[in-house]
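Quick look at target05.txt (compact mmCIF, C-alpha atoms):
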# COMPACT_ATOMS: atom_id res chain seq x y z
CA MET A 17 17.51 -6.18 -7.59
CA LEU A 18 15.47 -4.34 -4.97
CA ASP A 19 18.10 -5.05 -2.32
CA TRP A 20 20.66 -3.22 -4.47
CA VAL A 21 18.23 -0.33 -4.96
CA ARG A 22 17.61 -0.11 -1.22
CA GLY A 23 21.27 -0.06 -0.30
CA GLY A 24 22.17 2.27 -3.15
CA LEU A 25 19.50 4.79 -2.18
CA LEU A 26 20.72 4.94 1.41
CA LEU A 27 24.29 5.34 0.16
CA VAL A 28 23.26 8.25 -2.08
CA GLY A 29 21.45 9.85 0.85
CA LEU A 30 24.49 9.52 3.10
CA VAL A 31 26.77 10.94 0.38
CA CYS A 32 24.42 13.94 0.06
CA LEU A 33 24.66 14.42 3.82
CA VAL A 34 28.44 14.12 4.06
CA THR A 35 29.10 16.39 1.07
CA GLY A 36 26.72 19.09 2.28
CA VAL A 37 24.22 18.68 -0.55
CA LEU A 38 21.80 17.81 2.24
CA PRO A 39 22.37 20.18 5.19
CA TRP A 40 22.42 18.60 8.63
CA GLU A 41 19.39 20.66 9.69
CA ALA A 42 17.39 19.42 6.70
CA ALA A 43 18.49 15.84 7.39
CA GLU A 44 17.39 16.14 11.01
CA SER A 45 14.04 17.51 9.85
CA SER A 46 13.59 14.62 7.41
CA LEU A 47 14.46 12.02 10.04
CA ARG A 48 12.04 13.61 12.54
CA ARG A 49 9.35 13.51 9.86
CA ILE A 50 9.87 9.81 9.12
CA ALA A 51 10.38 8.63 12.71
CA PRO A 52 6.66 7.83 13.23
CA LEU A 53 6.66 6.16 9.81
CA LEU A 54 9.59 3.92 10.70
CA VAL A 55 7.90 2.98 13.98
CA PHE A 56 4.74 2.11 12.05
CA LEU A 57 6.67 0.02 9.52
CA CYS A 58 8.42 -2.02 12.19
CA ALA A 59 5.30 -2.60 14.24
CA VAL A 60 2.91 -3.42 11.43
CA ILE A 61 5.28 -5.87 9.73
CA VAL A 62 5.88 -7.66 13.05
CA LEU A 63 2.11 -7.81 13.60
CA ALA A 64 1.51 -9.21 10.13
CA GLU A 65 4.31 -11.78 10.39
CA LEU A 66 3.08 -13.06 13.76
CA ALA A 67 -0.51 -13.13 12.49
CA LYS A 68 0.73 -15.33 9.67
CA GLU A 69 2.41 -17.65 12.17
CA ALA A 70 -0.84 -17.81 14.17
CA ARG A 71 -2.71 -18.94 11.00
CA VAL A 72 -5.03 -15.92 11.09
CA PHE A 73 -4.50 -15.23 7.40
CA ASP A 74 -5.07 -18.90 6.53
CA VAL A 75 -8.49 -18.85 8.17
CA VAL A 76 -9.61 -15.68 6.39
CA ALA A 77 -8.14 -16.96 3.13
CA ALA A 78 -10.08 -20.21 3.38
CA ALA A 79 -13.30 -18.26 3.96
CA LEU A 80 -12.67 -16.12 0.88
CA ALA A 81 -11.83 -19.17 -1.22
CA ARG A 82 -15.07 -20.85 -0.16
CA ALA A 83 -16.96 -17.66 -1.06
CA GLY A 84 -15.66 -18.06 -4.62
CA ARG A 85 -17.19 -21.59 -4.72
CA GLY A 86 -14.33 -22.98 -6.74
CA ARG A 87 -14.88 -20.72 -9.75
CA TYR A 88 -12.04 -18.44 -10.81
CA PRO A 89 -14.22 -15.54 -12.08
CA ALA A 90 -16.22 -15.58 -8.84
CA LEU A 91 -13.01 -15.59 -6.81
CA PHE A 92 -11.81 -12.60 -8.81
CA GLY A 93 -14.97 -10.70 -7.88
CA VAL A 94 -14.67 -11.63 -4.21
CA CYS A 95 -11.01 -10.61 -3.97
CA PHE A 96 -11.52 -7.43 -5.98
CA GLY A 97 -14.47 -6.28 -3.88
CA PHE A 98 -12.80 -7.15 -0.58
CA ALA A 99 -9.59 -5.30 -1.47
CA ALA A 100 -11.48 -2.23 -2.72
CA VAL A 101 -13.65 -1.99 0.42
CA CYS A 102 -10.63 -2.52 2.67
CA THR A 103 -8.75 0.31 0.98
CA VAL A 104 -11.67 2.75 0.97
CA PHE A 105 -12.52 2.37 4.65
CA LEU A 106 -9.24 1.32 6.29
CA ASN A 107 -6.62 3.01 4.01
CA LEU A 108 -4.19 1.65 1.47
CA ASP A 109 -1.42 0.66 3.90
CA THR A 110 -3.78 -1.63 5.82
CA THR A 111 -4.70 -3.36 2.55
CA ALA A 112 -1.05 -3.86 1.67
CA VAL A 113 -0.09 -5.20 5.09
CA LEU A 114 -3.08 -7.28 6.16
CA LEU A 115 -4.83 -8.31 2.94
CA THR A 116 -1.77 -9.30 0.90
CA PRO A 117 -0.88 -12.14 3.31
CA VAL A 118 -4.51 -13.28 3.28
CA LEU A 119 -4.59 -13.64 -0.49
CA LEU A 120 -1.14 -15.21 -0.67
CA ALA A 121 -2.19 -17.71 1.98
CA MET A 122 -5.26 -18.44 -0.15
CA ALA A 123 -3.05 -19.15 -3.15
CA GLY A 124 -1.14 -21.74 -1.20
CA ARG A 125 -4.21 -23.44 0.22
CA ALA A 126 -6.23 -23.48 -3.02
CA GLY A 127 -3.30 -24.39 -5.27
CA ILE A 128 -3.60 -21.31 -7.48
CA PRO A 129 -0.90 -18.87 -8.65
CA GLY A 130 -0.02 -16.17 -6.13
CA LEU A 131 0.85 -13.33 -8.52
CA PRO A 132 -2.72 -12.51 -9.68
CA LEU A 133 -3.89 -12.34 -6.08
CA ALA A 134 -0.91 -10.24 -5.04
CA MET A 135 -1.38 -7.80 -7.93
CA THR A 136 -5.01 -7.39 -6.91
CA THR A 137 -3.98 -6.07 -3.50
CA VAL A 138 -1.18 -3.77 -4.65
CA TRP A 139 -3.14 -2.14 -7.45
CA LEU A 140 -6.32 -1.72 -5.45
CA ALA A 141 -4.39 -0.44 -2.46
CA ASN A 142 -3.46 2.51 -4.66
CA THR A 143 -6.28 2.88 -7.18
CA ALA A 144 -9.13 2.40 -4.67
CA SER A 145 -7.78 5.10 -2.33
CA LEU A 146 -9.62 8.11 -3.77
CA LEU A 147 -13.12 8.03 -2.29
CA LEU A 148 -12.70 9.12 1.35
CA PRO A 149 -10.17 11.30 3.17
CA VAL A 150 -9.21 8.36 5.42
CA SER A 151 -8.31 6.19 2.40
CA ASN A 152 -4.96 7.91 1.83
CA LEU A 153 -2.79 10.44 3.67
CA THR A 154 -2.67 12.60 0.55
CA ASN A 155 -6.49 12.74 0.68
CA LEU A 156 -6.33 14.05 4.23
CA LEU A 157 -3.94 16.79 3.14
CA ALA A 158 -6.20 17.74 0.23
CA ALA A 159 -9.41 17.65 2.26
CA ASP A 160 -7.80 19.91 4.87
CA ARG A 161 -6.61 22.40 2.22
CA LEU A 162 -9.99 22.46 0.45
CA GLU A 163 -12.03 22.29 3.69
CA LEU A 164 -14.08 19.41 2.31
CA PRO A 165 -15.91 17.19 4.85
CA PRO A 166 -15.94 13.44 4.05
CA LEU A 167 -19.34 13.36 2.33
CA GLU A 168 -18.55 16.35 0.10
CA PHE A 169 -15.15 14.87 -0.68
CA ALA A 170 -16.79 11.59 -1.69
CA GLY A 171 -19.34 13.52 -3.74
CA ARG A 172 -16.57 14.99 -5.87
CA MET A 173 -14.53 11.81 -6.19
CA TRP A 174 -17.09 9.01 -6.54
CA LEU A 175 -17.27 9.03 -10.34
CA PRO A 176 -13.47 9.10 -10.88
CA GLN A 177 -13.21 6.32 -8.29
CA VAL A 178 -15.75 4.15 -10.11
CA VAL A 179 -14.05 4.71 -13.47
CA ILE A 180 -10.61 3.98 -12.03
CA LEU A 181 -11.87 0.79 -10.36
CA ALA A 182 -13.28 -0.31 -13.73
CA CYS A 183 -9.89 0.28 -15.37
CA THR A 184 -8.19 -1.68 -12.61
CA ALA A 185 -10.59 -4.60 -13.00
CA VAL A 186 -9.97 -4.78 -16.75
CA PHE A 187 -6.18 -4.67 -16.39
CA LEU A 188 -6.17 -7.26 -13.60
CA TRP A 189 -8.32 -9.68 -15.58
CA VAL A 190 -6.56 -9.25 -18.91
CA PHE A 191 -2.95 -9.29 -17.70
CA TYR A 192 -3.05 -11.49 -14.60
CA TRP A 193 -6.26 -13.50 -14.08
CA ARG A 194 -7.73 -14.71 -17.38
CA ARG A 195 -4.96 -17.13 -18.39
CA HIS A 196 -5.66 -19.49 -15.50
CA PRO A 197 -8.11 -22.44 -15.30
CA PRO A 198 -11.77 -21.52 -14.67
CA SER A 199 -11.92 -23.51 -11.45
CA TYR A 200 -9.79 -24.21 -8.38
CA THR A 201 -9.75 -26.60 -5.44
CA LEU A 202 -11.62 -25.51 -2.32
CA PRO A 203 -9.26 -25.56 0.67
CA GLU A 204 -9.72 -27.91 3.58
CA LYS A 205 -10.49 -26.69 7.07
CA VAL A 206 -7.57 -24.84 8.64
CA ASP A 207 -5.83 -26.29 11.69
CA ILE A 208 -5.30 -23.16 13.81
CA GLY A 209 -2.81 -24.79 16.17
CA ASP A 210 -2.77 -22.92 19.48
CA PRO A 211 -6.29 -21.45 19.88
CA VAL A 212 -5.14 -18.86 22.40
CA VAL A 213 -2.49 -17.47 20.07
CA PHE A 214 -4.93 -17.53 17.15
CA ARG A 215 -7.66 -15.63 19.02
CA VAL A 216 -5.30 -13.02 20.42
CA LEU A 217 -3.67 -12.36 17.04
CA ALA A 218 -7.05 -12.22 15.29
CA ALA A 219 -8.23 -9.72 17.89
CA ALA A 220 -5.01 -7.69 17.52
CA CYS A 221 -5.43 -7.43 13.73
CA LEU A 222 -9.10 -6.49 14.09
CA ALA A 223 -8.26 -3.92 16.76
CA PHE A 224 -5.59 -2.40 14.50
CA ALA A 225 -8.06 -2.08 11.62
CA LEU A 226 -10.77 -0.57 13.82
CA ALA A 227 -8.31 1.86 15.42
CA VAL A 228 -7.20 3.08 11.99
CA LEU A 229 -10.84 3.48 10.96
CA GLY A 230 -11.49 5.39 14.18
CA GLY A 231 -8.75 7.92 13.48
CA VAL A 232 -6.06 6.65 15.87
CA PRO A 233 -2.56 7.51 14.54
CA ILE A 234 -1.40 4.51 12.54
CA GLU A 235 1.90 4.22 14.41
CA VAL A 236 0.11 4.09 17.77
CA ALA A 237 -2.40 1.51 16.55
CA ALA A 238 0.37 -0.62 15.05
CA VAL A 239 2.64 -0.49 18.12
CA VAL A 240 -0.12 -1.44 20.56
CA SER A 241 -1.29 -4.32 18.38
CA ALA A 242 2.30 -5.53 17.82
CA VAL A 243 3.07 -5.43 21.55
CA VAL A 244 0.03 -7.61 22.21
CA ALA A 245 1.13 -10.01 19.47
CA VAL A 246 4.70 -10.25 20.75
CA GLY A 247 3.43 -10.68 24.29
CA VAL A 248 1.26 -13.69 23.52
CA PHE A 249 4.03 -15.35 21.51
CA ALA A 250 6.52 -14.70 24.33
CA TRP A 251 4.09 -16.49 26.62
CA ARG A 252 3.04 -19.39 24.39
CA ASP A 253 5.68 -19.89 21.67
CA ARG A 254 8.84 -17.87 22.30
CA GLY A 255 10.80 -19.70 19.61
CA ARG A 256 8.84 -17.83 16.91
CA LEU A 257 10.28 -14.49 18.01
CA SER A 258 13.48 -13.25 16.39
CA PHE A 259 15.11 -10.11 15.05
CA GLY A 260 14.31 -11.41 11.57
CA LEU A 261 10.74 -10.21 12.10
CA ILE A 262 11.96 -6.62 11.74
CA PRO A 263 11.93 -5.41 8.11
CA TRP A 264 15.52 -4.16 7.98
CA GLY A 265 15.62 -3.78 4.20
CA LEU A 266 12.44 -1.72 4.14
CA LEU A 267 13.73 0.56 6.90
CA VAL A 268 16.96 1.13 4.96
CA PHE A 269 15.00 1.95 1.81
CA VAL A 270 12.60 4.42 3.45
CA THR A 271 15.43 6.18 5.31
CA GLY A 272 17.46 6.52 2.12
CA LEU A 273 14.41 7.68 0.16
CA PHE A 274 13.63 10.49 2.57
CA LEU A 275 17.27 11.59 2.77
CA VAL A 276 17.42 11.87 -1.03
CA VAL A 277 14.07 13.67 -1.20
CA GLY A 278 15.25 15.98 1.59
CA ALA A 279 18.32 16.81 -0.48
CA LEU A 280 16.15 17.60 -3.51
CA GLU A 281 13.90 19.82 -1.40
CA ALA A 282 16.87 21.58 0.21
CA ARG A 283 18.29 22.40 -3.25
CA GLY A 284 14.96 23.67 -4.52
CA VAL A 285 14.60 20.96 -7.16
CA LEU A 286 10.98 20.37 -6.13
CA ASP A 287 10.06 24.06 -5.76
CA GLY A 288 7.90 25.99 -8.13
CA VAL A 289 6.20 22.96 -9.62
CA ALA A 290 2.90 24.48 -10.71
CA GLY A 291 0.20 24.23 -13.33
CA GLY A 292 -3.41 24.95 -14.08
CA ASP A 293 -4.52 22.22 -16.49
CA PRO A 294 -5.96 19.23 -14.57
CA PHE A 295 -4.50 16.65 -16.98
CA ALA A 296 -1.04 18.22 -16.83
CA VAL A 297 -1.12 18.49 -13.04
CA ALA A 298 -2.29 14.89 -12.62
CA ALA A 299 0.36 13.62 -15.02
CA LEU A 300 3.03 15.66 -13.24
CA GLY A 301 1.96 14.35 -9.82
CA GLY A 302 1.95 10.76 -11.01
CA GLY A 303 5.27 11.05 -12.82
CA LEU A 304 7.02 12.77 -9.93
CA GLY A 305 5.47 10.33 -7.45
CA ASN A 306 6.93 7.37 -9.33
CA VAL A 307 10.35 8.98 -8.99
CA VAL A 308 10.34 10.25 -5.40
CA ASN A 309 7.23 8.63 -3.79
CA ASN A 310 3.68 9.94 -3.92
CA LEU A 311 3.56 11.86 -0.62
CA PRO A 312 6.47 14.27 -1.27
CA ALA A 313 5.27 14.54 -4.88
CA TYR A 314 1.81 15.65 -3.75
CA VAL A 315 3.24 18.21 -1.34
CA ALA A 316 5.66 19.57 -3.96
CA VAL A 317 3.06 20.02 -6.70
CA GLU A 318 0.33 21.29 -4.38
CA ARG A 319 2.53 24.23 -3.33
CA GLY A 320 2.28 25.77 -6.78
CA LEU A 321 -1.46 25.29 -7.34
CA PRO A 322 -4.02 28.11 -7.08
CA PRO A 323 -5.63 27.84 -3.61
CA GLU A 324 -9.14 28.32 -4.98
CA ASP A 325 -8.95 25.70 -7.75
CA THR A 326 -10.57 22.63 -6.18
CA GLY A 327 -10.70 20.66 -9.42
CA VAL A 328 -6.97 20.90 -10.06
CA VAL A 329 -6.13 19.78 -6.50
CA LEU A 330 -8.42 16.77 -6.88
CA ALA A 331 -6.82 16.02 -10.26
CA LEU A 332 -3.45 16.02 -8.49
CA LEU A 333 -4.84 13.44 -6.05
CA ILE A 334 -5.79 11.20 -8.94
CA GLY A 335 -2.25 11.44 -10.25
CA THR A 336 -0.48 10.82 -6.96
CA ASN A 337 -2.85 8.06 -5.79
CA ALA A 338 -3.75 6.08 -8.90
CA GLY A 339 -0.77 7.05 -11.05
CA THR A 340 2.09 6.02 -8.74
CA ILE A 341 1.85 2.28 -9.44
CA VAL A 342 4.76 2.00 -11.87
CA THR A 343 7.82 1.88 -9.58
CA PRO A 344 8.21 -0.28 -6.46
CA TRP A 345 8.71 2.89 -4.37
CA GLY A 346 5.83 4.93 -5.82
CA SER A 347 3.88 4.63 -2.57
CA LEU A 348 4.45 3.29 0.92
CA ALA A 349 1.72 0.72 0.31
CA THR A 350 3.68 -0.70 -2.63
CA LEU A 351 6.82 -0.92 -0.51
CA LEU A 352 4.89 -2.77 2.20
CA TRP A 353 3.43 -5.06 -0.46
CA PHE A 354 6.85 -5.99 -1.83
CA GLU A 355 7.97 -6.80 1.72
CA GLN A 356 4.99 -9.11 2.25
CA CYS A 357 5.60 -10.83 -1.09
CA ARG A 358 9.24 -11.39 -0.13
CA ARG A 359 8.26 -12.90 3.22
CA PHE A 360 5.85 -15.31 1.49
CA GLY A 361 8.50 -16.30 -1.05
CA LEU A 362 6.62 -14.86 -4.03
CA ARG A 363 8.89 -13.66 -6.81
CA VAL A 364 7.48 -10.54 -8.49
CA PRO A 365 8.78 -9.98 -12.06
CA VAL A 366 9.70 -6.29 -11.76
CA ALA A 367 9.76 -5.60 -15.51
CA ARG A 368 6.24 -6.97 -15.92
CA PHE A 369 5.09 -5.16 -12.78
CA MET A 370 6.32 -1.83 -14.15
CA ALA A 371 5.08 -2.34 -17.72
CA THR A 372 1.54 -3.28 -16.75
CA GLY A 373 1.55 -0.64 -14.01
CA LEU A 374 2.45 2.03 -16.54
CA GLY A 375 -0.45 1.07 -18.79
CA LEU A 376 -2.89 1.05 -15.88
CA ALA A 377 -1.58 4.36 -14.52
CA VAL A 378 -2.10 6.09 -17.87
CA CYS A 379 -5.68 4.80 -18.13
CA CYS A 380 -6.57 5.56 -14.51
CA VAL A 381 -5.19 9.10 -14.56
CA GLY A 382 -6.54 9.92 -18.02
CA PHE A 383 -10.07 8.62 -17.56
CA GLY A 384 -10.22 9.65 -13.89
CA VAL A 385 -9.45 13.29 -14.67
CA LEU A 386 -11.75 13.18 -17.70
CA VAL A 387 -14.82 12.47 -15.55
CA LEU A 388 -13.76 14.63 -12.58
CA GLY A 389 -16.40 17.21 -11.76
CA ARG A 390 -18.98 15.84 -14.18

Can you give me the file's structure in the form of structure tokens?
Amino acid sequence: MLDWVRGGLLLVGLVCLVTGVLPWEAAESSLRRIAPLLVFLCAVIVLAELAKEARVFDVVAAALARAGRGRYPALFGVCFGFAAVCTVFLNLDTTAVLLTPVLLAMAGRAGIPGLPLAMTTVWLANTASLLLPVSNLTNLLAADRLELPPLEFAGRMWLPQVVILACTAVFLWVFYWRRHPPSYTLPEKVDIGDPVVFRVLAAACLAFALAVLGGVPIEVAAVVSAVVAVGVFAWRDRGRLSFGLIPWGLLVFVTGLFLVVGALEARGVLDGVAGGDPFAVAALGGGLGNVVNNLPAYVAVERGLPPEDTGVVLALLIGTNAGTIVTPWGSLATLLWFEQCRRFGLRVPVARFMATGLGLAVCCVGFGVLVLGR
């Protein structure tokens, strides 16, 4: 179904361009805006795919499985905590790209279902992205507008973040984890194959994560790490390299998405979206984000907010970060997650994904805004 959505969205964007609904100047502006994003997508997916081939994810997955000591509730705690920390300090896209393959590799090695592990990464990639400016690009935009340094930002958002993490834990356990046996088989030691390839790919993934944490533009960090990864495979195992590593479907989807959003912006559909009530603003940001993606939704709603009202801007962040988990295109992290699931052969039931995501989004946004500022 997602393949039809991807192709259809690009077709709609091209029709808007040809018919003049999207002016050529606006289209050029949109494509310039997403060029670094497309570079990042290509590079980071190639890096992740080659890291999978090098067995990097298998090694980390085995370590996490051993940390759970064969008990399902303990494994849930380990995976939940690891995904939350990864999102807070490295940002949500890193969680979607690098942690999803780790947990899916764990599922295969420990003989446990992949969907609960996958849902842990996609939900926490979004719902755990409120605490620090670096956790989400929308946070950086808000922190810049409000002139909030990282510690002050965290001081305002820590309680909503804790409450939203609690909601996420409950939904994950009730809808995805609790129906499975209380124990699982500990995986055997991983055969890493070529140690040179393994070490280089492990170093490339670590360097990417540290570069993101250090403030290096994500597209630069991803390209450098991917070049290193491709280089070592070209040297040691050239047969693993192919054009199939490039996420063509994801590139089509993102291009079409931004063309359609550009058409909406050019026609003023997203202008004048304003409000003063934190609950209404958060709900509007989350709802619009599930339709057009969270980043353009944040920008559109923020334009109409009073510049001095810090609480309302932070409420908007709660909506666009934790509330855009209903549709597969609500955030870039979710798109990256679907791509990783596809590459691991995991079938995600979209109807269930959207239904449970809607329930979690309502709870996260409602309770998160309720405790904001208290």

Please determine, counting all atoms listed in the file, which residue among A:Val179, A:Ala279, A:Val308, A:Leu267 has the shortest atom-to-atom distance to Ala51 in chain A. A:Leu267

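Nearest to Thr372 in chain A of all the residues A:Asn155, A:Thr103, A:Thr326, A:Thr343 is A:Thr343, based on all atoms listed in the file.
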
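All polymer residues at most 7 Å from (-3.1, -6.7, -11.0), using all atoms listed in the file, appear as Pro132, Met135, Thr136, Trp139, Phe187, Leu188 and Tyr192 of chain A.
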
Nearby residues (all atoms listed in the file) at most 8 Å from range 109-114 of chain A, same-chain spacing under 6 positions excluded, as a list of chain:residue names: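 In the requested form, the answer reads A:Val60, A:Ile61, A:Ala64, A:Ala99, A:Cys102, A:Thr103, A:Thr137, A:Val138, A:Ala141, A:Cys221, A:Ala225, A:Leu348, A:Ala349, A:Thr350, A:Leu352, A:Trp353, A:Gln356.
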
Best match for closeness to Glu355 in chain A among A:Leu140, A:Leu167, A:Leu257, A:Leu266, counting all atoms listed in the file: A:Leu266

Name the residues in contact with Val243 in chain A at a cut-off of 10 Å, using all atoms listed in the file, excluding same-chain residues fewer than 5 positions from it; report them as an mmCIF file with C-alpha atoms, in the frame of the given file.
data_model
loop_
_atom_site.group_PDB
_atom_site.id
_atom_site.type_symbol
_atom_site.label_atom_id
_atom_site.label_comp_id
_atom_site.auth_asym_id
_atom_site.auth_seq_id
_atom_site.Cartn_x
_atom_site.Cartn_y
_atom_site.Cartn_z
ATOM 1 C CA ALA A 59 5.300 -2.600 14.240
ATOM 2 C CA VAL A 62 5.880 -7.660 13.050
ATOM 3 C CA LEU A 63 2.110 -7.810 13.600
ATOM 4 C CA ALA A 220 -5.010 -7.690 17.520
ATOM 5 C CA ALA A 238 0.370 -0.620 15.050
ATOM 6 C CA VAL A 248 1.260 -13.690 23.520
ATOM 7 C CA PHE A 249 4.030 -15.350 21.510
#

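The space between CA of Ile334 in chain A and CA of Arg194 in chain A spans 27.3 Å.
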
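Minimum distance to Ala316 in chain A across A:Leu332, A:Ala79, A:Val178, A:Ala245 (counting only C-alpha atoms) occurs at A:Leu332.
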
How would range 93-101 of chain A read, as an mmCIF file, in the frame of the given file, once all heavy atoms are built in?
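rebuild.cif written:
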data_model
loop_
_atom_site.group_PDB
_atom_site.id
_atom_site.type_symbol
_atom_site.label_atom_id
_atom_site.label_comp_id
_atom_site.auth_asym_id
_atom_site.auth_seq_id
_atom_site.Cartn_x
_atom_site.Cartn_y
_atom_site.Cartn_z
ATOM 1 N N GLY A 93 -14.026 -11.692 -8.401
ATOM 2 C CA GLY A 93 -14.970 -10.700 -7.880
ATOM 3 C C GLY A 93 -14.886 -10.554 -6.379
ATOM 4 O O GLY A 93 -14.929 -9.431 -5.853
ATOM 5 N N VAL A 94 -14.767 -11.676 -5.671
ATOM 6 C CA VAL A 94 -14.670 -11.630 -4.210
ATOM 7 C C VAL A 94 -13.419 -10.883 -3.766
ATOM 8 O O VAL A 94 -13.470 -9.989 -2.903
ATOM 9 C CB VAL A 94 -14.682 -13.058 -3.625
ATOM 10 C CG1 VAL A 94 -14.303 -13.044 -2.148
ATOM 11 C CG2 VAL A 94 -16.050 -13.694 -3.809
ATOM 12 N N CYS A 95 -12.278 -11.238 -4.344
ATOM 13 C CA CYS A 95 -11.010 -10.610 -3.970
ATOM 14 C C CYS A 95 -10.986 -9.126 -4.340
ATOM 15 O O CYS A 95 -10.511 -8.284 -3.568
ATOM 16 C CB CYS A 95 -9.839 -11.340 -4.614
ATOM 17 S SG CYS A 95 -9.636 -13.038 -4.052
ATOM 18 N N PHE A 96 -11.483 -8.819 -5.522
ATOM 19 C CA PHE A 96 -11.520 -7.430 -5.980
ATOM 20 C C PHE A 96 -12.374 -6.586 -5.042
ATOM 21 O O PHE A 96 -11.955 -5.516 -4.586
ATOM 22 C CB PHE A 96 -12.068 -7.366 -7.406
ATOM 23 C CG PHE A 96 -11.969 -6.009 -8.038
ATOM 24 C CD1 PHE A 96 -10.886 -5.673 -8.831
ATOM 25 C CD2 PHE A 96 -12.958 -5.049 -7.838
ATOM 26 C CE1 PHE A 96 -10.786 -4.416 -9.409
ATOM 27 C CE2 PHE A 96 -12.878 -3.797 -8.412
ATOM 28 C CZ PHE A 96 -11.781 -3.473 -9.198
ATOM 29 N N GLY A 97 -13.580 -7.046 -4.753
ATOM 30 C CA GLY A 97 -14.470 -6.280 -3.880
ATOM 31 C C GLY A 97 -13.919 -6.125 -2.474
ATOM 32 O O GLY A 97 -13.996 -5.041 -1.882
ATOM 33 N N PHE A 98 -13.342 -7.196 -1.933
ATOM 34 C CA PHE A 98 -12.800 -7.150 -0.580
ATOM 35 C C PHE A 98 -11.643 -6.167 -0.488
ATOM 36 O O PHE A 98 -11.550 -5.372 0.445
ATOM 37 C CB PHE A 98 -12.360 -8.551 -0.163
ATOM 38 C CG PHE A 98 -12.077 -8.704 1.300
ATOM 39 C CD1 PHE A 98 -12.828 -8.048 2.252
ATOM 40 C CD2 PHE A 98 -11.046 -9.528 1.742
ATOM 41 C CE1 PHE A 98 -12.573 -8.194 3.610
ATOM 42 C CE2 PHE A 98 -10.773 -9.684 3.088
ATOM 43 C CZ PHE A 98 -11.544 -9.019 4.032
ATOM 44 N N ALA A 99 -10.742 -6.207 -1.472
ATOM 45 C CA ALA A 99 -9.590 -5.300 -1.470
ATOM 46 C C ALA A 99 -10.032 -3.849 -1.634
ATOM 47 O O ALA A 99 -9.487 -2.950 -0.980
ATOM 48 C CB ALA A 99 -8.617 -5.691 -2.583
ATOM 49 N N ALA A 100 -11.012 -3.598 -2.499
ATOM 50 C CA ALA A 100 -11.480 -2.230 -2.720
ATOM 51 C C ALA A 100 -12.129 -1.668 -1.450
ATOM 52 O O ALA A 100 -11.848 -0.533 -1.042
ATOM 53 C CB ALA A 100 -12.479 -2.198 -3.878
ATOM 54 N N VAL A 101 -12.983 -2.452 -0.808
ATOM 55 C CA VAL A 101 -13.650 -1.990 0.420
ATOM 56 C C VAL A 101 -12.637 -1.761 1.530
ATOM 57 O O VAL A 101 -12.709 -0.770 2.279
ATOM 58 C CB VAL A 101 -14.723 -3.008 0.848
ATOM 59 C CG1 VAL A 101 -15.242 -2.694 2.248
ATOM 60 C CG2 VAL A 101 -15.878 -3.002 -0.142
#
